[in-house]
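Structure below is run36.tsv: TSV, C-alpha atoms.
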```tsv
chain	number	residue	atom	x	y	z
A	1	MET	CA	16.41	29.07	8.58
A	2	GLY	CA	16.73	25.39	7.74
A	3	ILE	CA	14.84	23.26	5.26
A	4	GLN	CA	11.34	24.64	4.62
A	5	GLY	CA	10.04	22.02	2.22
A	6	VAL	CA	10.94	18.83	0.37
A	7	LEU	CA	9.64	16.98	-2.66
A	8	PRO	CA	10.75	13.36	-3.18
A	9	LEU	CA	10.90	12.93	-6.94
A	10	PHE	CA	11.96	10.07	-9.21
A	11	LEU	CA	12.47	9.85	-12.96
A	12	VAL	CA	10.81	6.77	-14.46
A	13	GLN	CA	11.35	5.95	-18.12
A	14	ASN	CA	10.29	2.85	-20.03
A	15	PHE	CA	8.20	1.86	-23.04
A	16	ALA	CA	5.08	1.19	-20.92
A	17	VAL	CA	4.65	4.48	-19.02
A	18	GLY	CA	6.83	6.69	-21.18
A	19	LYS	CA	8.92	9.26	-19.36
A	20	ALA	CA	7.59	10.60	-16.08
A	21	LEU	CA	8.52	12.26	-12.82
A	22	ILE	CA	6.74	10.49	-9.94
A	23	SER	CA	6.45	11.25	-6.24
A	24	SER	CA	6.79	8.49	-5.18
A	25	PRO	CA	6.95	5.28	-7.28
A	26	PHE	CA	5.95	1.95	-5.71
A	27	ALA	CA	4.48	3.94	-2.81
A	28	VAL	CA	0.97	5.09	-1.96
A	29	TYR	CA	1.91	8.50	-0.55
A	30	GLY	CA	4.15	11.24	-1.93
A	31	GLY	CA	3.97	14.87	-2.98
A	32	ILE	CA	5.24	18.11	-1.47
A	33	LEU	CA	5.94	18.49	2.25
A	34	ALA	CA	6.27	22.12	3.29
A	35	HIS	CA	5.80	24.41	6.29
A	36	LYS	CA	3.80	27.03	4.42
A	37	ASP	CA	1.91	27.68	1.23
A	38	SER	CA	4.57	29.89	-0.37
A	39	VAL	CA	7.10	27.06	-0.11
A	40	ARG	CA	4.64	24.58	-1.64
A	41	ARG	CA	4.00	26.95	-4.54
A	42	ALA	CA	7.71	27.51	-5.12
A	43	LEU	CA	8.38	23.77	-5.23
A	44	TYR	CA	5.38	23.24	-7.50
A	45	ALA	CA	6.53	25.93	-9.95
A	46	ARG	CA	10.04	24.50	-10.06
A	47	LEU	CA	8.61	21.02	-10.55
A	48	LYS	CA	6.78	22.04	-13.70
A	49	GLU	CA	9.88	23.82	-14.99
A	50	LEU	CA	11.92	20.69	-14.34
A	51	GLY	CA	9.37	18.56	-16.15
A	52	ARG	CA	9.58	20.79	-19.23
A	53	GLU	CA	13.39	20.89	-19.08
A	54	MET	CA	13.60	17.11	-18.92
A	55	GLY	CA	10.95	16.59	-21.58
A	56	VAL	CA	8.78	14.26	-19.52
A	57	ASP	CA	5.33	13.17	-20.63
A	58	TYR	CA	3.72	13.88	-17.27
A	59	ILE	CA	4.34	14.40	-13.56
A	60	GLU	CA	2.50	12.40	-10.89
A	61	LEU	CA	2.09	13.62	-7.32
A	62	ARG	CA	0.67	10.98	-5.00
A	63	ASN	CA	-0.54	13.42	-2.37
A	64	ALA	CA	-1.69	11.97	0.93
A	65	PHE	CA	-3.59	15.06	2.11
A	66	PRO	CA	-5.45	17.96	0.46
A	67	GLU	CA	-3.10	20.38	2.22
A	68	GLN	CA	-0.28	19.18	-0.03
A	69	CYS	CA	-2.06	20.19	-3.21
A	70	VAL	CA	-1.16	23.29	-5.20
A	71	GLY	CA	-2.86	22.43	-8.48
A	72	GLU	CA	-6.18	20.63	-8.82
A	73	PRO	CA	-6.30	16.91	-7.93
A	74	ASN	CA	-7.46	15.08	-11.06
A	75	VAL	CA	-7.11	11.40	-10.11
A	76	SER	CA	-9.89	10.22	-7.77
A	77	ARG	CA	-9.17	6.51	-8.05
A	78	TYR	CA	-7.86	5.79	-4.57
A	79	VAL	CA	-8.78	6.16	-0.91
A	80	THR	CA	-6.91	5.28	2.24
A	81	PHE	CA	-8.15	4.05	5.62
A	82	THR	CA	-6.86	4.88	9.09
A	83	GLN	CA	-8.08	4.02	12.58
A	84	THR	CA	-7.38	5.51	15.98
A	85	VAL	CA	-6.61	2.56	18.23
A	86	PRO	CA	-7.33	2.40	21.97
A	87	ALA	CA	-4.76	0.76	24.22
A	88	ASP	CA	-7.39	-1.47	25.83
A	89	GLU	CA	-8.17	-4.65	23.86
A	90	THR	CA	-11.75	-4.87	25.12
A	91	ALA	CA	-12.41	-1.26	24.10
A	92	LEU	CA	-10.90	-1.99	20.70
A	93	LEU	CA	-13.14	-5.00	20.17
A	94	GLU	CA	-16.24	-3.11	21.27
A	95	SER	CA	-15.42	-0.23	18.90
A	96	LEU	CA	-15.72	-2.47	15.85
A	97	PRO	CA	-18.94	-2.78	13.85
A	98	LYS	CA	-21.03	-5.77	14.94
A	99	LYS	CA	-20.32	-7.91	11.87
A	100	THR	CA	-16.56	-7.36	12.08
A	101	ARG	CA	-16.59	-7.89	15.85
A	102	ASN	CA	-18.28	-11.26	15.38
A	103	LEU	CA	-15.74	-12.26	12.72
A	104	VAL	CA	-12.90	-11.29	15.06
A	105	ARG	CA	-14.35	-13.28	17.94
A	106	LYS	CA	-14.69	-16.30	15.66
A	107	ALA	CA	-11.06	-15.94	14.48
A	108	LEU	CA	-9.83	-15.60	18.07
A	109	LYS	CA	-11.22	-19.06	18.85
A	110	THR	CA	-8.71	-20.61	16.46
A	111	PRO	CA	-5.30	-21.16	18.13
A	112	PHE	CA	-3.32	-18.95	15.76
A	113	THR	CA	0.12	-17.78	16.81
A	114	VAL	CA	1.97	-14.71	15.55
A	115	ARG	CA	5.66	-14.47	14.81
A	116	TYR	CA	6.82	-10.86	15.28
A	117	GLY	CA	9.89	-9.14	13.92
A	118	VAL	CA	10.55	-11.67	11.17
A	119	ARG	CA	13.46	-10.74	8.88
A	120	GLU	CA	13.48	-13.78	6.58
A	121	THR	CA	11.55	-13.05	3.36
A	122	GLY	CA	11.13	-16.46	1.73
A	123	ARG	CA	7.74	-17.39	3.16
A	124	LEU	CA	6.40	-13.88	2.55
A	125	ASP	CA	7.59	-14.05	-1.05
A	126	GLN	CA	5.90	-17.43	-1.64
A	127	LEU	CA	2.49	-16.48	-0.25
A	128	HIS	CA	2.46	-12.92	-1.58
A	129	SER	CA	3.33	-14.04	-5.12
A	130	ARG	CA	0.49	-16.60	-5.04
A	131	ASN	CA	-1.97	-13.92	-4.01
A	132	MET	CA	-0.74	-11.55	-6.68
A	133	ARG	CA	-1.28	-14.18	-9.37
A	134	ARG	CA	-4.80	-14.79	-8.04
A	135	LEU	CA	-5.48	-11.07	-8.44
A	136	GLY	CA	-3.97	-11.00	-11.92
A	137	THR	CA	-1.13	-8.69	-10.91
A	138	PRO	CA	2.65	-9.13	-11.37
A	139	CYS	CA	4.54	-9.84	-8.16
A	140	PHE	CA	7.54	-8.10	-6.65
A	141	PRO	CA	10.95	-9.77	-6.59
A	142	ARG	CA	12.02	-11.21	-3.26
A	143	ARG	CA	14.92	-8.76	-3.10
A	144	TYR	CA	12.40	-5.89	-3.01
A	145	PHE	CA	11.22	-7.08	0.43
A	146	GLU	CA	14.82	-7.69	1.51
A	147	ARG	CA	15.77	-4.12	0.63
A	148	LEU	CA	12.74	-2.70	2.43
A	149	LEU	CA	13.84	-4.40	5.63
A	150	ALA	CA	17.50	-3.52	5.13
A	151	ASN	CA	16.90	0.17	4.42
A	152	PHE	CA	14.17	0.84	6.98
A	153	GLY	CA	15.77	-1.22	9.73
A	154	GLU	CA	13.70	-1.20	12.93
A	155	MET	CA	11.07	0.95	11.20
A	156	ALA	CA	9.90	-2.13	9.23
A	157	ASP	CA	9.19	-5.78	9.92
A	158	ILE	CA	7.41	-8.91	8.72
A	159	ARG	CA	4.74	-10.61	10.82
A	160	GLU	CA	3.48	-14.13	10.20
A	161	VAL	CA	0.28	-15.80	11.41
A	162	TRP	CA	0.65	-19.56	11.95
A	163	LEU	CA	-1.66	-22.45	12.76
A	164	GLU	CA	0.43	-25.36	13.95
A	165	ASP	CA	3.07	-25.83	11.20
A	166	LYS	CA	1.27	-23.85	8.49
A	167	MET	CA	1.73	-20.12	7.78
A	168	MET	CA	-1.73	-18.68	7.14
A	169	ALA	CA	-1.11	-14.96	6.65
A	170	VAL	CA	1.76	-12.50	6.47
A	171	SER	CA	2.30	-8.74	6.40
A	172	VAL	CA	5.02	-6.15	5.85
A	173	ASN	CA	4.65	-3.24	8.27
A	174	LEU	CA	6.16	0.22	8.61
A	175	TYR	CA	6.39	2.26	11.85
A	176	TYR	CA	6.78	6.03	12.05
A	177	GLN	CA	5.80	8.79	14.47
A	178	GLY	CA	3.09	6.90	16.30
A	179	GLN	CA	1.66	5.20	13.22
A	180	MET	CA	1.74	1.57	12.16
A	181	HIS	CA	1.18	1.02	8.46
A	182	THR	CA	0.58	-2.40	6.91
A	183	PHE	CA	2.14	-1.87	3.49
A	184	HIS	CA	1.83	-5.40	2.03
A	185	ALA	CA	-0.30	-8.30	3.22
A	186	ALA	CA	-1.35	-11.74	2.03
A	187	ALA	CA	-3.40	-14.63	3.38
A	188	ASP	CA	-3.82	-18.23	2.26
A	189	THR	CA	-7.31	-18.27	0.70
A	190	GLU	CA	-7.57	-22.04	1.27
A	191	PHE	CA	-8.18	-21.26	4.95
A	192	ASN	CA	-10.46	-18.24	4.61
A	193	ALA	CA	-13.13	-19.93	6.74
A	194	LEU	CA	-10.79	-19.79	9.75
A	195	GLY	CA	-10.28	-16.04	9.35
A	196	PRO	CA	-6.46	-15.75	9.44
A	197	ASN	CA	-6.57	-12.37	7.72
A	198	THR	CA	-9.14	-11.07	10.22
A	199	TYR	CA	-7.03	-12.41	13.07
A	200	MET	CA	-3.89	-10.79	11.68
A	201	TYR	CA	-5.41	-7.34	11.36
A	202	PHE	CA	-6.99	-7.47	14.80
A	203	ASP	CA	-3.66	-8.54	16.27
A	204	HIS	CA	-1.99	-5.64	14.45
A	205	LEU	CA	-4.54	-3.22	15.91
A	206	ARG	CA	-4.27	-4.42	19.50
A	207	TRP	CA	-0.46	-4.54	19.31
A	208	ALA	CA	-0.35	-1.00	17.90
A	209	GLY	CA	-2.61	0.34	20.65
A	210	GLN	CA	-0.57	-1.32	23.37
A	211	ASN	CA	2.85	-0.35	22.01
A	212	GLY	CA	2.69	3.38	21.38
A	213	PHE	CA	1.20	3.45	17.86
A	214	PRO	CA	-2.27	4.94	18.37
A	215	VAL	CA	-2.91	5.35	14.63
A	216	PHE	CA	-3.13	2.31	12.39
A	217	ASP	CA	-2.96	2.82	8.62
A	218	PHE	CA	-4.69	0.11	6.60
A	219	GLY	CA	-3.31	1.62	3.39
A	220	ARG	CA	-4.59	2.48	-0.05
A	221	SER	CA	-7.38	0.73	-1.93
A	222	LYS	CA	-9.38	1.23	-5.09
A	223	ARG	CA	-13.13	1.62	-4.70
A	224	GLY	CA	-15.22	-1.42	-5.50
A	225	THR	CA	-12.51	-3.95	-4.66
A	226	GLY	CA	-12.34	-6.66	-2.00
A	227	PRO	CA	-9.66	-4.84	0.05
A	228	PHE	CA	-11.80	-1.67	-0.05
A	229	ASP	CA	-14.79	-3.51	1.43
A	230	PHE	CA	-12.60	-5.28	4.00
A	231	LYS	CA	-10.97	-2.10	5.29
A	232	ARG	CA	-14.09	0.03	5.56
A	233	HIS	CA	-15.65	-2.40	8.05
A	234	TRP	CA	-13.06	-1.83	10.80
A	235	ASN	CA	-14.37	1.46	12.21
A	236	THR	CA	-11.93	3.24	9.94
A	237	GLU	CA	-11.78	6.78	8.67
A	238	MET	CA	-11.78	6.81	4.87
A	239	ARG	CA	-9.83	9.62	3.22
A	240	GLU	CA	-9.66	10.51	-0.45
A	241	LEU	CA	-6.15	10.50	-1.86
A	242	PRO	CA	-5.91	13.69	-3.96
A	243	TYR	CA	-3.43	12.50	-6.56
A	244	GLU	CA	-2.45	14.95	-9.25
A	245	MET	CA	-1.21	14.37	-12.81
A	246	ILE	CA	0.48	17.33	-14.47
A	247	LEU	CA	0.54	16.86	-18.23
A	248	ILE	CA	3.70	18.10	-19.92
A	249	ARG	CA	3.94	16.38	-23.31
A	250	ARG	CA	0.94	14.06	-23.01
A	251	LYS	CA	-2.49	15.34	-24.02
A	252	GLU	CA	-4.57	12.90	-21.94
A	253	LEU	CA	-4.27	11.54	-18.41
A	254	PRO	CA	-2.59	8.12	-18.28
A	255	ASN	CA	-4.33	5.28	-16.47
A	256	PHE	CA	-2.16	2.29	-15.60
A	257	SER	CA	-4.54	0.93	-12.96
A	258	PRO	CA	-5.57	-2.74	-13.23
A	259	ALA	CA	-9.14	-1.40	-13.17
A	260	ASN	CA	-8.57	0.01	-16.65
A	261	PRO	CA	-10.62	-2.19	-19.05
A	262	LYS	CA	-7.75	-2.35	-21.54
A	263	PHE	CA	-5.91	-4.64	-19.08
A	264	ASP	CA	-8.81	-7.11	-18.72
A	265	LEU	CA	-7.45	-9.71	-21.14
A	266	ALA	CA	-3.93	-9.55	-19.71
A	267	ILE	CA	-5.29	-9.98	-16.17
A	268	ARG	CA	-7.37	-13.01	-17.16
A	269	LEU	CA	-4.38	-14.61	-18.86
A	270	TRP	CA	-2.12	-13.89	-15.91
A	271	LYS	CA	-4.45	-15.68	-13.52
A	272	LYS	CA	-4.21	-18.83	-15.66
A	273	MET	CA	-0.42	-18.90	-15.96
A	274	PRO	CA	1.64	-21.41	-13.95
A	275	LEU	CA	2.81	-19.95	-10.67
A	276	GLY	CA	6.46	-20.55	-11.52
A	277	LEU	CA	6.12	-18.53	-14.71
A	278	THR	CA	4.42	-15.60	-12.96
A	279	ARG	CA	7.10	-15.64	-10.26
A	280	TRP	CA	9.79	-15.40	-12.94
A	281	LEU	CA	8.04	-12.92	-15.20
A	282	GLY	CA	6.29	-10.79	-12.56
A	283	PRO	CA	9.34	-8.91	-11.23
A	284	ARG	CA	10.34	-8.06	-14.79
A	285	LEU	CA	6.90	-6.58	-15.52
A	286	ILE	CA	6.03	-4.81	-12.26
A	287	ARG	CA	9.03	-2.53	-12.54
A	288	LEU	CA	7.39	-1.07	-15.66
A	289	PHE	CA	4.40	0.20	-13.64
A	290	PRO	CA	5.74	1.94	-10.54
```
Rewritten as structure tokens:
Amino acid sequence: MGIQGVLPLFLVQNFAVGKALISSPFAVYGGILAHKDSVRRALYARLKELGREMGVDYIELRNAFPEQCVGEPNVSRYVTFTQTVPADETALLESLPKKTRNLVRKALKTPFTVRYGVRETGRLDQLHSRNMRRLGTPCFPRRYFERLLANFGEMADIREVWLEDKMMAVSVNLYYQGQMHTFHAAADTEFNALGPNTYMYFDHLRWAGQNGFPVFDFGRSKRGTGPFDFKRHWNTEMRELPYEMILIRRKELPNFSPANPKFDLAIRLWKKMPLGLTRWLGPRLIRLFP
């Protein structure tokens, strides 16, 4: 008969989040994958039993689609954006909303160049950590990006946007079954007027359409944020992410999102810290909030 369903599941335990089973930590999608409803329900029932046996505080299922749900989704914090990409660059450009199309045309006038298939992580780490501090969020360690590339092999890469001898933007991308997913991205805000981030995403889209990846995944965002506004102006399809928290020992739903007001002071302080300190401390903190 073969495998009928799978559920990637990880035990996370620390003083910040307590003890939890998460599918999947440090990722935007997770949850049950199954051929039919009876298999989903069997996995879901065993999941709750496992949670009680292990004495976890809660279980988190980061479902990507409503079809994965068995219980009721109770976290409506996130959405994701995808776009079907034509192979023709002119058709792609014409499909964009007028404002975005004008921004793309402006960015295309700047002689940016793109380095594809980059495997060296140093420049990515430098720019990404600066952006994370600007947002008030702890950064990942450089070895995190190194392990992504090592473990995913040809299914992952880094792309860099350059202007002369200056790297302006960078992204980490994943490729699977006709989809290209930009999982991490950063741009040098000093050069926002030149539009390196706009250029990078348009280049991703046209490359995807021309190289057998007709679906481009812009990734997860929280409503009311800058990335949310940026992504929804690319002729994208917005989809709710029906995350589910199953309470086992906890009585209330946890909320470790930076949008939680209780993190306001910490975020303001983080933005004012020296970059070197945030680069040292960030990897030690981010592992607490997977």
| query | Please, which residues are within 6 Å of (4.2, -8.7, 1.4) by the file's coordinates, counting all atoms listed in the file, and could they come as a list in words? | reply |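 Residues found, by chain and rising number: Leu124, His128, Ser171, Val172, His184 and Ala185 of chain A.
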| note | Correct to one decimal, the distance CA of Gly51 (chain A)-CA of Tyr243 (chain A) is 17.1 Å
| field | Within-10 Å shell of (-4.3, 4.9, 21.9) in input frame, all atoms listed in the file, as a count of residues only | value | 17
| task | Do a neighbour search on region 66-71 of chain A at 12 Å with only C-alpha atoms, toss out local chain neighbours closer than 4 positions, and write the hits as a PyMOL selection string. | result | chain A and resi 5-7+29-45+47-48+59-62+75+239-247
| query | From the list A:Cys139, A:Leu50, A:Val114, A:Leu205, which residue is nearest Asp165 (chain A) when using all atoms listed in the file? | reply | A:Val114
| Counting all atoms listed in the file, the option among A:Pro261, A:Gly224, A:Pro290, A:Pro97 closest to Ser24 (chain A) |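 The closest residue to Ser24 (chain A) is A:Pro290.
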| request: Quote the spacing between CA of Met168 (chain A) and CA of Asp188 (chain A) in Å to one decimal place. | output: 5.3 Å
As a JSON list (two decimals) with C-alpha atoms, in the frame of the given file, please: the residues near Gly136 (chain A) (cut-off 9 Å, only C-alpha atoms, same-chain neighbours under 5 positions excluded).
```
[["chain", "number", "residue", "atom", "x", "y", "z"],
["A", 131, "ASN", "CA", -1.97, -13.92, -4.01],
["A", 258, "PRO", "CA", -5.57, -2.74, -13.23],
["A", 266, "ALA", "CA", -3.93, -9.55, -19.71],
["A", 267, "ILE", "CA", -5.29, -9.98, -16.17],
["A", 268, "ARG", "CA", -7.37, -13.01, -17.16],
["A", 269, "LEU", "CA", -4.38, -14.61, -18.86],
["A", 270, "TRP", "CA", -2.12, -13.89, -15.91],
["A", 271, "LYS", "CA", -4.45, -15.68, -13.52],
["A", 272, "LYS", "CA", -4.21, -18.83, -15.66]]
```
| field | Proximity to Phe81 (chain A) - best of A:Lys231, A:Arg147, A:Arg223, A:Arg284, all atoms listed in the file | value |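 Checking each candidate against Phe81 (chain A), we get A:Lys231 as the closest.
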| said: What's the separation between CA of Ser23 (chain A) and CA of Gly2 (chain A), in Å to one decimal place? | reply: 22.4 Å
| Near Glu146 (chain A), counting only C-alpha atoms, which residues have an atom at most 12 Å away, once you skip same-chain residues fewer than 2 positions from it, shown as a list in words? |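 The neighbour list is Val118, Arg119, Glu120, Thr121, Gly122, Leu124, Asp125, Phe140, Pro141, Arg142, Arg143, Tyr144, Leu148, Leu149, Ala150, Asn151, Phe152, Gly153, Ala156, Asp157, Ile158 and Val172 of chain A.
Distance check against Tyr201 (chain A) using all atoms listed in the file: of A:Glu94, A:Asp57, A:Glu160, A:Glu49, the minimum falls on A:Glu160.
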| request: Using only C-alpha atoms, pick whichever of A:Glu72, A:Asp229, A:Glu53, A:Asp217 has the shortest atom-to-atom distance to Leu21 (chain A). | output: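 Closest residue, counting only C-alpha atoms: A:Glu53.
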| task | Find the residues around Glu237 (chain A) up to 8 Å (all atoms listed in the file counted), leave out those fewer than 4 positions away in its own chain, and share them as a PyMOL selection string. | result | chain A and resi 81-83+232
Selection from above, C-alpha atoms, as a CSV table (one decimal), in the coordinates of the input, can you write it?
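Output contents, as saved in selection-v4.csv:
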```csv
chain,number,residue,atom,x,y,z
A,81,PHE,CA,-8.2,4.0,5.6
A,82,THR,CA,-6.9,4.9,9.1
A,83,GLN,CA,-8.1,4.0,12.6
A,232,ARG,CA,-14.1,0.0,5.6
```
| task | Rank A:Phe218, A:Glu190, A:Thr198, A:Thr113 by their smallest atom-to-atom distance to Val28 (chain A), using only C-alpha atoms, and report the top residue only. | result |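 Checking each candidate against Val28 (chain A), we get A:Phe218 as the closest.
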| said: Show me, as a list of chain:residue names, the residues that have an atom within 9 Å of Leu281 (chain A) when counting all atoms listed in the file, minus same-chain residues fewer than 5 positions from it. | reply: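 My list of contacting residues is A:Pro138, A:Cys139, A:Gly276, A:Ile286.
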Taking all atoms of region 2-12 of chain A that the file lists and extending 8 Å past them on each side, where is the centre of the axis-aligned box and how long are its edges? Answer in Å to one decimal, as lines of an AutoDock Vina configuration file.
```
center_x = 13.2
center_y = 16.1
center_z = -3.4
size_x = 23.1
size_y = 34.6
size_z = 38.2
```
Could I see region 48-80 of chain A restored to N, CA and C atoms, set down as a short mmCIF file (atom, residue, chain, number, x, y, z; two decimals), keeping the file's coordinate frame?
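Just written: selection-v2.cif:
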```cif
data_model
loop_
_atom_site.label_atom_id
_atom_site.label_comp_id
_atom_site.auth_asym_id
_atom_site.auth_seq_id
_atom_site.Cartn_x
_atom_site.Cartn_y
_atom_site.Cartn_z
N LYS A 48 7.26 21.95 -12.32
CA LYS A 48 6.78 22.04 -13.70
C LYS A 48 7.89 22.50 -14.64
N GLU A 49 8.73 23.41 -14.18
CA GLU A 49 9.88 23.82 -14.99
C GLU A 49 10.80 22.63 -15.26
N LEU A 50 11.06 21.86 -14.22
CA LEU A 50 11.92 20.69 -14.34
C LEU A 50 11.34 19.68 -15.32
N GLY A 51 10.02 19.48 -15.23
CA GLY A 51 9.37 18.56 -16.15
C GLY A 51 9.54 18.98 -17.60
N ARG A 52 9.40 20.29 -17.86
CA ARG A 52 9.58 20.79 -19.23
C ARG A 52 11.05 20.68 -19.67
N GLU A 53 11.97 20.99 -18.75
CA GLU A 53 13.39 20.89 -19.08
C GLU A 53 13.80 19.46 -19.42
N MET A 54 13.24 18.51 -18.72
CA MET A 54 13.60 17.11 -18.92
C MET A 54 12.79 16.45 -20.03
N GLY A 55 11.76 17.14 -20.51
CA GLY A 55 10.95 16.59 -21.58
C GLY A 55 10.13 15.39 -21.19
N VAL A 56 9.59 15.40 -19.96
CA VAL A 56 8.78 14.26 -19.52
C VAL A 56 7.38 14.34 -20.12
N ASP A 57 6.70 13.20 -20.13
CA ASP A 57 5.33 13.17 -20.63
C ASP A 57 4.35 13.72 -19.60
N TYR A 58 4.61 13.41 -18.34
CA TYR A 58 3.72 13.88 -17.27
C TYR A 58 4.45 13.80 -15.93
N ILE A 59 3.86 14.44 -14.94
CA ILE A 59 4.34 14.40 -13.56
C ILE A 59 3.20 13.86 -12.69
N GLU A 60 3.52 12.98 -11.78
CA GLU A 60 2.50 12.40 -10.89
C GLU A 60 2.85 12.68 -9.44
N LEU A 61 1.94 13.34 -8.74
CA LEU A 61 2.09 13.62 -7.32
C LEU A 61 1.08 12.79 -6.54
N ARG A 62 1.56 11.84 -5.77
CA ARG A 62 0.67 10.98 -5.00
C ARG A 62 0.44 11.59 -3.62
N ASN A 63 -0.29 12.68 -3.61
CA ASN A 63 -0.54 13.42 -2.37
C ASN A 63 -1.34 12.57 -1.39
N ALA A 64 -0.97 12.68 -0.12
CA ALA A 64 -1.69 11.97 0.93
C ALA A 64 -2.80 12.81 1.54
N PHE A 65 -2.64 14.16 1.48
CA PHE A 65 -3.59 15.06 2.11
C PHE A 65 -3.90 16.23 1.19
N PRO A 66 -5.11 16.79 1.28
CA PRO A 66 -5.45 17.96 0.46
C PRO A 66 -4.51 19.14 0.68
N GLU A 67 -3.98 19.26 1.90
CA GLU A 67 -3.10 20.38 2.22
C GLU A 67 -1.82 20.38 1.39
N GLN A 68 -1.48 19.24 0.80
CA GLN A 68 -0.28 19.18 -0.03
C GLN A 68 -0.50 19.73 -1.44
N CYS A 69 -1.75 19.84 -1.83
CA CYS A 69 -2.06 20.19 -3.21
C CYS A 69 -1.79 21.67 -3.49
N VAL A 70 -1.29 21.94 -4.68
CA VAL A 70 -1.16 23.29 -5.20
C VAL A 70 -2.06 23.42 -6.42
N GLY A 71 -1.94 22.49 -7.36
CA GLY A 71 -2.86 22.43 -8.48
C GLY A 71 -4.13 21.70 -8.09
N GLU A 72 -4.92 21.33 -9.07
CA GLU A 72 -6.18 20.63 -8.82
C GLU A 72 -5.98 19.12 -8.89
N PRO A 73 -6.35 18.37 -7.84
CA PRO A 73 -6.30 16.91 -7.93
C PRO A 73 -7.19 16.42 -9.07
N ASN A 74 -6.69 15.55 -9.91
CA ASN A 74 -7.46 15.08 -11.06
C ASN A 74 -7.48 13.56 -11.20
N VAL A 75 -7.03 12.86 -10.14
CA VAL A 75 -7.11 11.40 -10.11
C VAL A 75 -7.84 11.02 -8.83
N SER A 76 -9.06 10.53 -8.95
CA SER A 76 -9.89 10.22 -7.77
C SER A 76 -10.09 8.72 -7.63
N ARG A 77 -9.07 7.97 -7.98
CA ARG A 77 -9.17 6.51 -8.05
C ARG A 77 -9.01 5.83 -6.70
N TYR A 78 -8.28 6.48 -5.78
CA TYR A 78 -7.86 5.79 -4.57
C TYR A 78 -8.34 6.48 -3.29
N VAL A 79 -8.52 5.67 -2.27
CA VAL A 79 -8.78 6.16 -0.91
C VAL A 79 -7.85 5.42 0.04
N THR A 80 -7.69 5.97 1.22
CA THR A 80 -6.91 5.28 2.24
C THR A 80 -7.73 5.21 3.52
#
```
